[in-house]
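Shown here: protein.pdb, PDB, C-alpha atoms and all ligand atoms.
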ATOM      1  CA  MET A  34     -19.601  11.742 -29.811  1.00  0.00           C
ATOM      2  CA  ARG A  35     -18.269   8.227 -29.336  1.00  0.00           C
ATOM      3  CA  PHE A  36     -17.708   5.931 -26.381  1.00  0.00           C
ATOM      4  CA  ALA A  37     -15.822   2.780 -25.475  1.00  0.00           C
ATOM      5  CA  SER A  38     -15.076   0.617 -22.456  1.00  0.00           C
ATOM      6  CA  LEU A  39     -11.823  -0.572 -20.911  1.00  0.00           C
ATOM      7  CA  GLY A  40     -13.634  -3.384 -19.130  1.00  0.00           C
ATOM      8  CA  SER A  41     -16.901  -3.930 -17.321  1.00  0.00           C
ATOM      9  CA  GLY A  42     -17.904  -6.170 -14.427  1.00  0.00           C
ATOM     10  CA  SER A  43     -17.247  -6.739 -10.761  1.00  0.00           C
ATOM     11  CA  GLN A  44     -13.470  -6.956 -11.390  1.00  0.00           C
ATOM     12  CA  GLY A  45     -13.257  -3.400 -12.672  1.00  0.00           C
ATOM     13  CA  ASN A  46     -14.967  -0.774 -14.777  1.00  0.00           C
ATOM     14  CA  ALA A  47     -13.923   2.193 -16.899  1.00  0.00           C
ATOM     15  CA  LEU A  48     -15.767   3.881 -19.730  1.00  0.00           C
ATOM     16  CA  ILE A  49     -14.377   6.515 -22.095  1.00  0.00           C
ATOM     17  CA  VAL A  50     -16.617   9.221 -23.532  1.00  0.00           C
ATOM     18  CA  ASP A  51     -15.191  11.268 -26.378  1.00  0.00           C
ATOM     19  CA  ALA A  52     -17.007  14.400 -27.485  1.00  0.00           C
ATOM     20  CA  GLY A  53     -14.351  15.376 -30.021  1.00  0.00           C
ATOM     21  CA  GLU A  54     -12.251  17.926 -28.172  1.00  0.00           C
ATOM     22  CA  THR A  55     -13.198  16.567 -24.771  1.00  0.00           C
ATOM     23  CA  LYS A  56     -12.504  13.059 -23.562  1.00  0.00           C
ATOM     24  CA  VAL A  57     -13.349  11.826 -20.082  1.00  0.00           C
ATOM     25  CA  MET A  58     -13.099   8.555 -18.230  1.00  0.00           C
ATOM     26  CA  VAL A  59     -16.008   7.329 -16.113  1.00  0.00           C
ATOM     27  CA  ASP A  60     -14.640   5.363 -13.145  1.00  0.00           C
ATOM     28  CA  CYS A  61     -11.376   3.475 -13.105  1.00  0.00           C
ATOM     29  CA  GLY A  62     -11.434   0.110 -11.406  1.00  0.00           C
ATOM     30  CA  PHE A  63      -8.066  -0.853 -12.873  1.00  0.00           C
ATOM     31  CA  SER A  64      -4.458  -0.203 -11.960  1.00  0.00           C
ATOM     32  CA  THR A  65      -2.772   2.650 -13.801  1.00  0.00           C
ATOM     33  CA  ARG A  66      -0.754   0.105 -15.779  1.00  0.00           C
ATOM     34  CA  VAL A  67      -3.812  -1.867 -16.911  1.00  0.00           C
ATOM     35  CA  ALA A  68      -5.872   1.249 -17.625  1.00  0.00           C
ATOM     36  CA  THR A  69      -3.056   2.752 -19.695  1.00  0.00           C
ATOM     37  CA  ALA A  70      -2.609  -0.435 -21.714  1.00  0.00           C
ATOM     38  CA  ARG A  71      -6.333  -0.688 -22.384  1.00  0.00           C
ATOM     39  CA  LEU A  72      -6.532   2.990 -23.358  1.00  0.00           C
ATOM     40  CA  ALA A  73      -3.781   2.315 -25.896  1.00  0.00           C
ATOM     41  CA  ARG A  74      -5.994  -0.408 -27.349  1.00  0.00           C
ATOM     42  CA  LEU A  75      -8.440   2.417 -28.133  1.00  0.00           C
ATOM     43  CA  GLY A  76      -5.725   4.611 -29.619  1.00  0.00           C
ATOM     44  CA  THR A  77      -5.962   6.995 -26.674  1.00  0.00           C
ATOM     45  CA  ALA A  78      -3.246   8.305 -24.364  1.00  0.00           C
ATOM     46  CA  PRO A  79      -3.951   9.261 -20.734  1.00  0.00           C
ATOM     47  CA  GLU A  80      -2.794  12.818 -21.524  1.00  0.00           C
ATOM     48  CA  GLN A  81      -5.779  13.202 -23.849  1.00  0.00           C
ATOM     49  CA  LEU A  82      -8.244  12.818 -20.992  1.00  0.00           C
ATOM     50  CA  ALA A  83      -9.726  15.911 -19.342  1.00  0.00           C
ATOM     51  CA  ALA A  84     -11.128  14.308 -16.195  1.00  0.00           C
ATOM     52  CA  ILE A  85     -12.334  11.218 -14.389  1.00  0.00           C
ATOM     53  CA  LEU A  86     -15.985  11.124 -13.308  1.00  0.00           C
ATOM     54  CA  VAL A  87     -16.684   8.775 -10.435  1.00  0.00           C
ATOM     55  CA  THR A  88     -20.022   7.001  -9.908  1.00  0.00           C
ATOM     56  CA  HIS A  89     -19.452   5.621  -6.387  1.00  0.00           C
ATOM     57  CA  GLU A  90     -16.821   4.341  -3.995  1.00  0.00           C
ATOM     58  CA  HIS A  91     -16.929   0.577  -4.674  1.00  0.00           C
ATOM     59  CA  GLY A  92     -13.521  -0.776  -5.595  1.00  0.00           C
ATOM     60  CA  ASP A  93     -14.531  -1.952  -9.066  1.00  0.00           C
ATOM     61  CA  HIS A  94     -15.203   1.725  -9.914  1.00  0.00           C
ATOM     62  CA  LEU A  95     -12.976   3.814  -7.661  1.00  0.00           C
ATOM     63  CA  GLY A  96     -10.064   1.414  -7.125  1.00  0.00           C
ATOM     64  CA  GLY A  97      -7.704   2.988  -9.667  1.00  0.00           C
ATOM     65  CA  VAL A  98      -9.099   6.518  -9.880  1.00  0.00           C
ATOM     66  CA  PHE A  99      -6.859   8.379  -7.452  1.00  0.00           C
ATOM     67  CA  SER A 100      -3.550   6.928  -8.564  1.00  0.00           C
ATOM     68  CA  PHE A 101      -4.411   7.406 -12.248  1.00  0.00           C
ATOM     69  CA  ALA A 102      -5.560  10.992 -11.590  1.00  0.00           C
ATOM     70  CA  ARG A 103      -2.416  11.840  -9.619  1.00  0.00           C
ATOM     71  CA  ARG A 104      -0.172  10.258 -12.188  1.00  0.00           C
ATOM     72  CA  HIS A 105      -1.739  12.117 -15.100  1.00  0.00           C
ATOM     73  CA  ARG A 106      -2.801  15.320 -13.305  1.00  0.00           C
ATOM     74  CA  LEU A 107      -6.505  14.791 -14.012  1.00  0.00           C
ATOM     75  CA  ALA A 108      -9.469  16.454 -12.345  1.00  0.00           C
ATOM     76  CA  VAL A 109     -11.746  14.053 -10.441  1.00  0.00           C
ATOM     77  CA  TYR A 110     -15.493  14.714 -10.222  1.00  0.00           C
ATOM     78  CA  LEU A 111     -17.467  12.998  -7.481  1.00  0.00           C
ATOM     79  CA  THR A 112     -20.389  13.540  -5.125  1.00  0.00           C
ATOM     80  CA  HIS A 113     -19.906  14.737  -1.574  1.00  0.00           C
ATOM     81  CA  GLY A 114     -20.943  11.310  -0.266  1.00  0.00           C
ATOM     82  CA  THR A 115     -18.541   9.424  -2.502  1.00  0.00           C
ATOM     83  CA  HIS A 116     -15.787  11.824  -1.486  1.00  0.00           C
ATOM     84  CA  ALA A 117     -16.602  11.333   2.197  1.00  0.00           C
ATOM     85  CA  ALA A 118     -16.583   7.563   1.786  1.00  0.00           C
ATOM     86  CA  ALA A 119     -13.204   7.691   0.073  1.00  0.00           C
ATOM     87  CA  SER A 120     -11.671  10.866   1.443  1.00  0.00           C
ATOM     88  CA  ARG A 121      -8.435   9.308   2.664  1.00  0.00           C
ATOM     89  CA  GLY A 122      -7.444   8.321  -0.854  1.00  0.00           C
ATOM     90  CA  SER A 123      -8.413  11.665  -2.315  1.00  0.00           C
ATOM     91  CA  ALA A 124      -5.726  13.612  -0.430  1.00  0.00           C
ATOM     92  CA  SER A 125      -3.249  15.343  -2.722  1.00  0.00           C
ATOM     93  CA  LEU A 126      -5.360  14.997  -5.828  1.00  0.00           C
ATOM     94  CA  PRO A 127      -4.463  17.644  -8.409  1.00  0.00           C
ATOM     95  CA  GLU A 128      -8.096  18.756  -8.649  1.00  0.00           C
ATOM     96  CA  CYS A 129     -11.111  17.419  -6.780  1.00  0.00           C
ATOM     97  CA  ARG A 130     -14.530  18.706  -7.854  1.00  0.00           C
ATOM     98  CA  LEU A 131     -17.525  17.971  -5.668  1.00  0.00           C
ATOM     99  CA  ILE A 132     -20.708  17.672  -7.703  1.00  0.00           C
ATOM    100  CA  ASP A 133     -24.394  17.760  -6.837  1.00  0.00           C
ATOM    101  CA  GLY A 134     -26.077  14.493  -7.775  1.00  0.00           C
ATOM    102  CA  HIS A 135     -28.920  16.328  -9.537  1.00  0.00           C
ATOM    103  CA  THR A 136     -27.175  19.244 -11.218  1.00  0.00           C
ATOM    104  CA  ALA A 137     -25.879  19.252 -14.788  1.00  0.00           C
ATOM    105  CA  PHE A 138     -22.439  20.678 -15.525  1.00  0.00           C
ATOM    106  CA  ALA A 139     -20.138  20.937 -18.498  1.00  0.00           C
ATOM    107  CA  ILE A 140     -16.569  19.899 -19.099  1.00  0.00           C
ATOM    108  CA  ASP A 141     -15.599  22.022 -22.096  1.00  0.00           C
ATOM    109  CA  GLY A 142     -17.981  20.861 -24.839  1.00  0.00           C
ATOM    110  CA  LEU A 143     -19.312  17.840 -22.979  1.00  0.00           C
ATOM    111  CA  GLU A 144     -22.588  18.174 -21.093  1.00  0.00           C
ATOM    112  CA  VAL A 145     -22.800  15.965 -18.035  1.00  0.00           C
ATOM    113  CA  LEU A 146     -25.947  15.204 -16.072  1.00  0.00           C
ATOM    114  CA  PRO A 147     -25.431  13.129 -12.936  1.00  0.00           C
ATOM    115  CA  PHE A 148     -28.442  11.320 -11.515  1.00  0.00           C
ATOM    116  CA  PRO A 149     -28.828   9.435  -8.229  1.00  0.00           C
ATOM    117  CA  VAL A 150     -29.403   5.690  -8.240  1.00  0.00           C
ATOM    118  CA  PRO A 151     -30.451   3.253  -5.502  1.00  0.00           C
ATOM    119  CA  HIS A 152     -27.282   1.290  -4.727  1.00  0.00           C
ATOM    120  CA  ASP A 153     -25.586   0.362  -1.482  1.00  0.00           C
ATOM    121  CA  ALA A 154     -23.002   3.132  -1.518  1.00  0.00           C
ATOM    122  CA  ARG A 155     -22.888   6.502   0.230  1.00  0.00           C
ATOM    123  CA  GLU A 156     -24.143   8.784  -2.566  1.00  0.00           C
ATOM    124  CA  PRO A 157     -24.009   6.895  -5.866  1.00  0.00           C
ATOM    125  CA  VAL A 158     -24.782   8.533  -9.194  1.00  0.00           C
ATOM    126  CA  GLN A 159     -24.762   7.536 -12.825  1.00  0.00           C
ATOM    127  CA  TYR A 160     -24.340   9.913 -15.776  1.00  0.00           C
ATOM    128  CA  ARG A 161     -25.975  11.051 -18.961  1.00  0.00           C
ATOM    129  CA  PHE A 162     -23.704  12.753 -21.500  1.00  0.00           C
ATOM    130  CA  GLY A 163     -24.529  15.104 -24.338  1.00  0.00           C
ATOM    131  CA  ASP A 164     -22.639  16.997 -27.026  1.00  0.00           C
ATOM    132  CA  GLY A 165     -25.571  19.166 -28.122  1.00  0.00           C
ATOM    133  CA  GLN A 166     -26.556  16.632 -30.772  1.00  0.00           C
ATOM    134  CA  HIS A 167     -26.644  13.227 -29.131  1.00  0.00           C
ATOM    135  CA  ARG A 168     -27.166  11.741 -25.706  1.00  0.00           C
ATOM    136  CA  LEU A 169     -25.464   8.770 -24.123  1.00  0.00           C
ATOM    137  CA  GLY A 170     -26.982   7.289 -20.971  1.00  0.00           C
ATOM    138  CA  VAL A 171     -24.961   5.125 -18.612  1.00  0.00           C
ATOM    139  CA  LEU A 172     -26.701   3.048 -15.966  1.00  0.00           C
ATOM    140  CA  THR A 173     -24.950   0.393 -13.914  1.00  0.00           C
ATOM    141  CA  ASP A 174     -24.838  -0.404 -10.210  1.00  0.00           C
ATOM    142  CA  THR A 175     -28.458   0.242  -9.476  1.00  0.00           C
ATOM    143  CA  GLY A 176     -30.745  -2.101  -7.577  1.00  0.00           C
ATOM    144  CA  SER A 177     -33.951  -0.762  -9.034  1.00  0.00           C
ATOM    145  CA  ILE A 178     -35.345   1.592 -11.622  1.00  0.00           C
ATOM    146  CA  THR A 179     -36.781   4.812 -10.199  1.00  0.00           C
ATOM    147  CA  PRO A 180     -39.115   7.212 -12.014  1.00  0.00           C
ATOM    148  CA  HIS A 181     -36.240   9.709 -12.054  1.00  0.00           C
ATOM    149  CA  VAL A 182     -33.939   7.220 -13.807  1.00  0.00           C
ATOM    150  CA  VAL A 183     -36.614   6.660 -16.456  1.00  0.00           C
ATOM    151  CA  GLU A 184     -37.061  10.413 -16.892  1.00  0.00           C
ATOM    152  CA  VAL A 185     -33.323  11.027 -17.345  1.00  0.00           C
ATOM    153  CA  LEU A 186     -32.829   8.164 -19.806  1.00  0.00           C
ATOM    154  CA  ARG A 187     -36.125   8.695 -21.626  1.00  0.00           C
ATOM    155  CA  ALA A 188     -34.668   9.822 -24.937  1.00  0.00           C
ATOM    156  CA  CYS A 189     -31.097   8.686 -25.413  1.00  0.00           C
ATOM    157  CA  ASP A 190     -29.267   7.850 -28.635  1.00  0.00           C
ATOM    158  CA  ALA A 191     -27.085   5.300 -26.882  1.00  0.00           C
ATOM    159  CA  LEU A 192     -27.362   3.345 -23.663  1.00  0.00           C
ATOM    160  CA  VAL A 193     -24.879   1.386 -21.605  1.00  0.00           C
ATOM    161  CA  LEU A 194     -27.197  -0.633 -19.411  1.00  0.00           C
ATOM    162  CA  GLU A 195     -26.463  -2.920 -16.504  1.00  0.00           C
ATOM    163  CA  CYS A 196     -27.533  -6.537 -16.943  1.00  0.00           C
ATOM    164  CA  ASN A 197     -25.858  -7.836 -13.818  1.00  0.00           C
ATOM    165  CA  HIS A 198     -27.555 -11.149 -13.306  1.00  0.00           C
ATOM    166  CA  ASP A 199     -30.222 -13.572 -14.304  1.00  0.00           C
ATOM    167  CA  GLN A 200     -32.629 -14.082 -11.426  1.00  0.00           C
ATOM    168  CA  ALA A 201     -32.734 -17.870 -11.732  1.00  0.00           C
ATOM    169  CA  LEU A 202     -28.945 -18.203 -12.028  1.00  0.00           C
ATOM    170  CA  LEU A 203     -28.467 -15.983  -8.969  1.00  0.00           C
ATOM    171  CA  ALA A 204     -31.020 -17.981  -6.967  1.00  0.00           C
ATOM    172  CA  ALA A 205     -29.288 -21.246  -7.903  1.00  0.00           C
ATOM    173  CA  SER A 206     -25.730 -19.957  -7.429  1.00  0.00           C
ATOM    174  CA  ARG A 207     -23.340 -21.000  -4.671  1.00  0.00           C
ATOM    175  CA  TYR A 208     -23.282 -17.448  -3.251  1.00  0.00           C
ATOM    176  CA  PRO A 209     -24.216 -17.169   0.440  1.00  0.00           C
ATOM    177  CA  ALA A 210     -27.834 -16.158   1.075  1.00  0.00           C
ATOM    178  CA  ALA A 211     -26.882 -12.725   2.415  1.00  0.00           C
ATOM    179  CA  LEU A 212     -24.890 -11.911  -0.712  1.00  0.00           C
ATOM    180  CA  LYS A 213     -27.722 -13.098  -2.969  1.00  0.00           C
ATOM    181  CA  GLN A 214     -30.048 -10.795  -1.056  1.00  0.00           C
ATOM    182  CA  ARG A 215     -27.664  -7.885  -1.415  1.00  0.00           C
ATOM    183  CA  ILE A 216     -27.192  -8.342  -5.156  1.00  0.00           C
ATOM    184  CA  GLY A 217     -30.864  -8.969  -5.860  1.00  0.00           C
ATOM    185  CA  GLY A 218     -32.135  -6.292  -3.458  1.00  0.00           C
ATOM    186  CA  ARG A 219     -33.409  -2.784  -4.152  1.00  0.00           C
ATOM    187  CA  PHE A 220     -29.949  -1.335  -3.493  1.00  0.00           C
ATOM    188  CA  GLY A 221     -28.018  -4.033  -5.300  1.00  0.00           C
ATOM    189  CA  HIS A 222     -27.683  -4.700  -9.002  1.00  0.00           C
ATOM    190  CA  LEU A 223     -30.020  -4.773 -11.988  1.00  0.00           C
ATOM    191  CA  GLU A 224     -31.063  -8.151 -13.376  1.00  0.00           C
ATOM    192  CA  ASN A 225     -31.810  -8.831 -17.034  1.00  0.00           C
ATOM    193  CA  GLY A 226     -35.578  -8.523 -16.580  1.00  0.00           C
ATOM    194  CA  GLN A 227     -35.288  -5.148 -14.827  1.00  0.00           C
ATOM    195  CA  ALA A 228     -33.024  -3.850 -17.598  1.00  0.00           C
ATOM    196  CA  ALA A 229     -35.600  -4.995 -20.138  1.00  0.00           C
ATOM    197  CA  GLY A 230     -38.272  -3.267 -18.031  1.00  0.00           C
ATOM    198  CA  LEU A 231     -36.414   0.041 -18.285  1.00  0.00           C
ATOM    199  CA  LEU A 232     -36.215  -0.308 -22.060  1.00  0.00           C
ATOM    200  CA  ARG A 233     -39.968  -0.774 -22.160  1.00  0.00           C
ATOM    201  CA  GLN A 234     -40.450   2.547 -20.343  1.00  0.00           C
ATOM    202  CA  ILE A 235     -38.254   4.743 -22.535  1.00  0.00           C
ATOM    203  CA  ASP A 236     -38.383   5.923 -26.117  1.00  0.00           C
ATOM    204  CA  SER A 237     -36.073   3.377 -27.697  1.00  0.00           C
ATOM    205  CA  GLY A 238     -36.790   4.648 -31.215  1.00  0.00           C
ATOM    206  CA  ARG A 239     -33.701   6.877 -31.145  1.00  0.00           C
ATOM    207  CA  LEU A 240     -31.314   4.224 -29.932  1.00  0.00           C
ATOM    208  CA  GLN A 241     -28.287   3.780 -32.162  1.00  0.00           C
ATOM    209  CA  HIS A 242     -26.406   1.689 -29.613  1.00  0.00           C
ATOM    210  CA  LEU A 243     -27.372  -0.527 -26.724  1.00  0.00           C
ATOM    211  CA  VAL A 244     -24.655  -2.254 -24.737  1.00  0.00           C
ATOM    212  CA  ALA A 245     -25.329  -4.642 -21.864  1.00  0.00           C
ATOM    213  CA  ALA A 246     -22.796  -4.007 -19.098  1.00  0.00           C
ATOM    214  CA  HIS A 247     -21.564  -5.093 -15.663  1.00  0.00           C
ATOM    215  CA  LEU A 248     -22.520  -8.735 -16.305  1.00  0.00           C
ATOM    216  CA  SER A 249     -21.790 -11.132 -13.471  1.00  0.00           C
ATOM    217  CA  GLN A 250     -19.445 -13.868 -14.612  1.00  0.00           C
ATOM    218  CA  GLU A 251     -21.105 -16.274 -12.163  1.00  0.00           C
ATOM    219  CA  ASN A 252     -24.751 -15.345 -12.385  1.00  0.00           C
ATOM    220  CA  ASN A 253     -25.358 -14.285 -15.957  1.00  0.00           C
ATOM    221  CA  ARG A 254     -24.638 -15.280 -19.553  1.00  0.00           C
ATOM    222  CA  PRO A 255     -24.265 -12.777 -22.392  1.00  0.00           C
ATOM    223  CA  GLN A 256     -26.878 -14.709 -24.353  1.00  0.00           C
ATOM    224  CA  LEU A 257     -29.474 -14.319 -21.594  1.00  0.00           C
ATOM    225  CA  ALA A 258     -28.903 -10.569 -21.297  1.00  0.00           C
ATOM    226  CA  VAL A 259     -29.001 -10.026 -25.039  1.00  0.00           C
ATOM    227  CA  SER A 260     -32.161 -12.035 -25.587  1.00  0.00           C
ATOM    228  CA  ALA A 261     -33.984 -10.210 -22.757  1.00  0.00           C
ATOM    229  CA  LEU A 262     -33.141  -6.826 -24.316  1.00  0.00           C
ATOM    230  CA  ALA A 263     -33.728  -7.864 -27.927  1.00  0.00           C
ATOM    231  CA  ALA A 264     -37.183  -9.182 -27.001  1.00  0.00           C
ATOM    232  CA  VAL A 265     -38.227  -5.669 -25.933  1.00  0.00           C
ATOM    233  CA  LEU A 266     -36.771  -3.873 -28.944  1.00  0.00           C
ATOM    234  CA  GLY A 267     -37.789  -6.510 -31.442  1.00  0.00           C
ATOM    235  CA  CYS A 268     -34.303  -6.261 -32.911  1.00  0.00           C
ATOM    236  CA  SER A 269     -31.794  -8.880 -33.912  1.00  0.00           C
ATOM    237  CA  GLU A 270     -29.699 -10.138 -31.004  1.00  0.00           C
ATOM    238  CA  ASP A 271     -26.460  -9.288 -32.835  1.00  0.00           C
ATOM    239  CA  TRP A 272     -27.390  -5.625 -32.748  1.00  0.00           C
ATOM    240  CA  ILE A 273     -26.983  -5.496 -28.977  1.00  0.00           C
ATOM    241  CA  GLY A 274     -23.468  -5.188 -27.629  1.00  0.00           C
ATOM    242  CA  VAL A 275     -22.094  -6.836 -24.521  1.00  0.00           C
ATOM    243  CA  ALA A 276     -19.333  -5.199 -22.500  1.00  0.00           C
ATOM    244  CA  ASP A 277     -16.886  -7.743 -21.254  1.00  0.00           C
ATOM    245  CA  GLN A 278     -14.604  -7.805 -18.246  1.00  0.00           C
ATOM    246  CA  GLU A 279     -11.315  -8.037 -20.144  1.00  0.00           C
ATOM    247  CA  GLY A 280     -12.153  -6.518 -23.486  1.00  0.00           C
ATOM    248  CA  GLY A 281     -14.743  -3.885 -22.551  1.00  0.00           C
ATOM    249  CA  PHE A 282     -15.957  -2.810 -25.959  1.00  0.00           C
ATOM    250  CA  ALA A 283     -14.493  -0.892 -28.895  1.00  0.00           C
ATOM    251  CA  TRP A 284     -15.469   2.641 -29.910  1.00  0.00           C
ATOM    252  CA  ARG A 285     -19.107   3.142 -30.799  1.00  0.00           C
ATOM    253  CA  GLN A 286     -19.848   6.261 -32.798  1.00  0.00           C
ATOM    254  CA  LEU A 287     -22.997   8.369 -32.599  1.00  0.00           C
ATOM    255  CA  SER A 288     -23.961  10.031 -35.841  1.00  0.00           C
TER     256      SER A 288
HETATM  257 ZN    ZN A 301     -19.863  -2.185  -9.823  1.00  0.00          ZN
HETATM  258 ZN    ZN A 302     -21.277  -0.785  -6.803  1.00  0.00          ZN
END
As structure tokens, please, write out the structure in this file.
Amino acid sequence: MRFASLGSGSQGNALIVDAGETKVMVDCGFSTRVATARLARLGTAPEQLAAILVTHEHGDHLGGVFSFARRHRLAVYLTHGTHAAASRGSASLPECRLIDGHTAFAIDGLEVLPFPVPHDAREPVQYRFGDGQHRLGVLTDTGSITPHVVEVLRACDALVLECNHDQALLAASRYPAALKQRIGGRFGHLENGQAAGLLRQIDSGRLQHLVAAHLSQENNRPQLAVSALAAVLGCSEDWIGVADQEGGFAWRQLS
């Protein structure tokens, strides 16, 4: 199994998970043109994808999903709540699969476990992927870490982990107070210290890859995220990846 990102942050997100025969995209917050160009960067054509899995209805995740899916005849997987929040756009999709936020399913050889997260959307989920050998956990757009999130991500071989903001930078930023409260609240976004706190609660001994994701361009710095995570793992800071808004990140292989 391997994974890569087309871009990550409040301007748009899309992650590609490749389990050999089965490739899926998680979210698409980019136009079809941009997503296609960035897929090409990874040596992947849209026709090679089996499906798009949606986490929630916010524009940086859902914005490009329906047009990309219609254009390339892809199945879209989403929760009932996400579908309800976005149902107008989902008309005339080639294939719309409603999922239960707690129930695992498979797309060919790829095992998918959705799990609910506290975020200010209708029924947001994140996903853990498996190919029978390795597990990749993806966690962004969550305001807090629940016991269930810890349980699901307890033993992963790779993690894409939200480090949205640094608490002090957010507090000092020019954002209006209400927005600061939203971002920093229990249903907002994960800050560097909370991401580090999750790492402390899981078995990080199996981790082959850790990538900090969904960094705020205003309220975080890659260096701050990386040093918070490296401090928990006791690893070198270079070992931790950072997903960026334009570049995402290149393929990372699990072996
Ligand atoms: Zn987001
Ligand atoms: Zn969101």
Shortest interatomic distance to Ser43 (chain A) - which of A:Leu72, A:Ala205, A:His91, A:Gly226, counting all atoms listed in the file: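 Ranking A:Leu72, A:Ala205, A:His91, A:Gly226 by distance to Ser43 (chain A), first place goes to A:His91.
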- request: Compare A:Val150, A:Leu39, A:Ala83, A:Val158 by their minimum atom-to-atom distance to Leu111 (chain A), counting all atoms listed in the file, and give me the closest one.
  value: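 Among the listed residues, the smallest separation from Leu111 (chain A) belongs to A:Val158.
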Kindly compile the residues surrounding ligand ZN 301 (chain A) within 8 Å, counting all atoms listed in the file, and format them as a compact mmCIF listing (two decimals) with C-alpha atoms, keeping the file's coordinate frame.
# COMPACT_ATOMS: atom_id res chain seq x y z
CA GLY A 42 -17.90 -6.17 -14.43
CA SER A 43 -17.25 -6.74 -10.76
CA GLY A 45 -13.26 -3.40 -12.67
CA ASN A 46 -14.97 -0.77 -14.78
CA HIS A 91 -16.93 0.58 -4.67
CA GLY A 92 -13.52 -0.78 -5.60
CA ASP A 93 -14.53 -1.95 -9.07
CA HIS A 94 -15.20 1.72 -9.91
CA THR A 173 -24.95 0.39 -13.91
CA ASP A 174 -24.84 -0.40 -10.21
CA HIS A 247 -21.56 -5.09 -15.66
task: Measuring atom to atom with all atoms listed in the file, identify which of A:Gly53, A:Pro180, A:Pro151, A:Gly97 is nearest to ligand ZN 302 (chain A).
output: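 Residue with the minimum atom-to-atom distance to ligand ZN 302 (chain A): A:Pro151.
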- prompt: Taking only C-alpha atoms into account, which of A:Gln166, A:Ala84, A:Glu251, A:Met34 comes nearest Cys129 (chain A)?
  reply: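 Counting only C-alpha atoms, the residue closest to Cys129 (chain A) is A:Ala84.
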- request: Could you please determine the separation between CA of Ile132 (chain A) and CA of Cys189 (chain A) in Å, to one decimal place?
  value: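 According to the coordinates, CA of Ile132 (chain A) and CA of Cys189 (chain A) are separated by 22.4 Å.
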